[in-house]
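> After the structure tokens below, expect a handful of questions from me.
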Amino acid sequence: MLNNFKIYTLIGVLNTGLHWCIFFVLQYFGFLQSTSNTIAFIISASFSYVMNSKFNFKKEINGMRYLFFIIGLGLISFYIGHIADRISLNVIFTLIIFSLVSLVMGFLYSKFLVFK
């Protein structure tokens with residue numbers, strides 16, 4: 001399990017960089033944090049799903065598994081962005097909080113539900 005977490009973390013670093021870039025571009029164009037975070041999440045999580053399927057959990061890419069992954073973690077992404085909008089949280093804090101929550105919850109969700 002530790003090896004899976006190491007690989008998941010490495011993929012997560014790449015995923016996070018992609019997520020942050022997309023988030024900031026969308027913020028620049030005036031999107032709400034909830035919308036920016038959700039769109040950035042879907043794109044970066046799709047990358048993460050493919051990489052984890054192939055290199056980490058050694059599972060075939062599967063449409064239902066992909067939807068399960070995106071919907072579960074997408075809800076977390078949206079709600080963190082929604083709360084950030086409601087309390088006018090600075091965007092950098094939104095990204096940091098989401099990145100930390102997503103790393104831990106995303107690994108557990110992936111390991112024990114999505115790729116079990």
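Identifiers for the structure tokens are assigned positionally: chains receive A, B, ... in sequence, residues are indexed from 1 per chain, and ligands are indexed from 1 in the order shown.
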Tell me, as a ChimeraX atom specification, which residues lie within 9 Å of Leu14 of chain A, counting only C-alpha atoms; anything in the same chain fewer than 5 positions away does not count.
/A:9,19,44,48
> Pull all heavy atoms from the residues just selected and write them as a PDB file, in the first residue's frame.

```
ATOM      1  N   THR A   9       1.028   9.790  -5.035  1.00  0.00           N
ATOM      2  CA  THR A   9       1.507  11.125  -4.691  1.00  0.00           C
ATOM      3  C   THR A   9       2.257  11.762  -5.859  1.00  0.00           C
ATOM      4  O   THR A   9       2.060  12.947  -6.158  1.00  0.00           O
ATOM      5  CB  THR A   9       2.398  11.067  -3.435  1.00  0.00           C
ATOM      6  OG1 THR A   9       1.634  10.521  -2.350  1.00  0.00           O
ATOM      7  CG2 THR A   9       2.906  12.447  -3.046  1.00  0.00           C
ATOM      8  N   HIS A  19      -4.031  21.142 -12.359  1.00  0.00           N
ATOM      9  CA  HIS A  19      -5.237  21.702 -11.740  1.00  0.00           C
ATOM     10  C   HIS A  19      -5.052  23.190 -11.448  1.00  0.00           C
ATOM     11  O   HIS A  19      -5.906  24.008 -11.792  1.00  0.00           O
ATOM     12  CB  HIS A  19      -5.547  20.938 -10.445  1.00  0.00           C
ATOM     13  CG  HIS A  19      -6.786  21.392  -9.767  1.00  0.00           C
ATOM     14  ND1 HIS A  19      -7.910  20.609  -9.697  1.00  0.00           N
ATOM     15  CD2 HIS A  19      -7.111  22.540  -9.123  1.00  0.00           C
ATOM     16  CE1 HIS A  19      -8.855  21.249  -9.044  1.00  0.00           C
ATOM     17  NE2 HIS A  19      -8.379  22.429  -8.670  1.00  0.00           N
ATOM     18  N   SER A  44      -7.946  17.679 -14.674  1.00  0.00           N
ATOM     19  CA  SER A  44      -6.759  17.095 -14.027  1.00  0.00           C
ATOM     20  C   SER A  44      -7.052  15.707 -13.466  1.00  0.00           C
ATOM     21  O   SER A  44      -6.183  14.831 -13.484  1.00  0.00           O
ATOM     22  CB  SER A  44      -6.216  18.022 -12.945  1.00  0.00           C
ATOM     23  OG  SER A  44      -7.160  18.235 -11.925  1.00  0.00           O
ATOM     24  N   SER A  48      -5.270  12.113 -13.996  1.00  0.00           N
ATOM     25  CA  SER A  48      -4.897  11.291 -12.842  1.00  0.00           C
ATOM     26  C   SER A  48      -5.495   9.893 -12.934  1.00  0.00           C
ATOM     27  O   SER A  48      -4.827   8.898 -12.638  1.00  0.00           O
ATOM     28  CB  SER A  48      -5.367  11.976 -11.558  1.00  0.00           C
ATOM     29  OG  SER A  48      -4.966  11.259 -10.433  1.00  0.00           O
TER      30      SER A  48
END
```
> From the set A:Thr38, A:Asn4, A:Ser53, A:Gln33, which residue has the shortest atom-to-atom contact distance to Leu75 of chain A, counting only C-alpha atoms?
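So, comparing all the options, the nearest one is A:Thr38.
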> Just want the 10 Å neighbourhood of Gln27 of chain A, counted on only C-alpha atoms, with same-chain residues fewer than 6 positions away dropped. Output as a list in words.
Cys21, Gln33, Thr35, Ser36, Asn37 and Val91 of chain A
> So that I have them on file, write out the residues from the current selection with N, CA and C atoms, as a CSV table (one decimal), in the first residue's frame.

```
chain,number,residue,atom,x,y,z
A,21,CYS,N,-2.9,25.4,-12.7
A,21,CYS,CA,-2.8,26.2,-14.0
A,21,CYS,C,-4.2,26.4,-14.6
A,33,GLN,N,-15.0,30.6,-8.1
A,33,GLN,CA,-14.1,29.6,-7.6
A,33,GLN,C,-14.7,28.2,-7.7
A,35,THR,N,-16.8,27.0,-9.9
A,35,THR,CA,-16.8,26.6,-11.3
A,35,THR,C,-15.4,26.4,-11.7
A,36,SER,N,-14.5,27.3,-11.4
A,36,SER,CA,-13.0,27.1,-11.7
A,36,SER,C,-12.5,25.8,-11.1
A,37,ASN,N,-12.8,25.6,-9.9
A,37,ASN,CA,-12.3,24.4,-9.2
A,37,ASN,C,-12.8,23.1,-9.8
A,91,VAL,N,-8.2,32.6,-3.2
A,91,VAL,CA,-8.0,31.5,-4.1
A,91,VAL,C,-6.9,30.6,-3.8
```
> Do you know which residues are at most 8 Å from Ile42 of chain A counting only C-alpha atoms, after dropping those on the same chain fewer than 4 positions away, and could you put them as a list in words?
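Answer for this query is Thr38, Ser46, Ile70 and Gly74 of chain A.
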> From the set A:Lys59, A:Ile80, A:Gly17, A:Leu95, which residue has the shortest atom-to-atom contact distance to Lys111 of chain A, counting only C-alpha atoms?
A:Lys59
> Where does DSSP see alpha helix (DSSP H) in segment 33-84 of chain A, if you list the residues as a PyMOL selection string?
chain A and resi 33-51+63-84
> One number please: atom CA of Arg65 of chain A to atom CA of Val114 of chain A, in Å, one decimal.
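Atom CA of Val114 of chain A lies at a distance of 5.9 Å from atom CA of Arg65 of chain A.
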> Rank nothing, just name the residue among A:Phe78, A:Tyr66, A:Phe98, A:Phe57 nearest to Ile39 of chain A, using only C-alpha atoms.
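Closest candidate: A:Phe78.
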> For Phe24 of chain A, which of A:Leu103, A:Thr94, A:Leu113, A:Ile71 is the closest residue, counting only C-alpha atoms?
A:Thr94
> Find the spatial neighbours of Thr16 of chain A, counting only C-alpha atoms, within a cut-off of 8 Å - ignore same-chain residues fewer than 4 positions away - and output them as a list in words.
Gly12, Trp20, Ser44 and Ser99 of chain A
> Which residue is closest to Gly63 of chain A? Choose from A:Phe41, A:Tyr49, A:Phe93, A:Tyr8 and count only C-alpha atoms.
A:Tyr49
> For each of A:Asn90, A:Ser102, A:Ser34, A:Asn56, take the minimum atom-to-atom distance to Asn15 of chain A, counting only C-alpha atoms, then give the residue where this is smallest.
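Nearest to Asn15 of chain A: A:Ser102.
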> Do you have the atom CA of Ile43 of chain A-atom CA of Phe23 of chain A distance handy?
10.3 Å
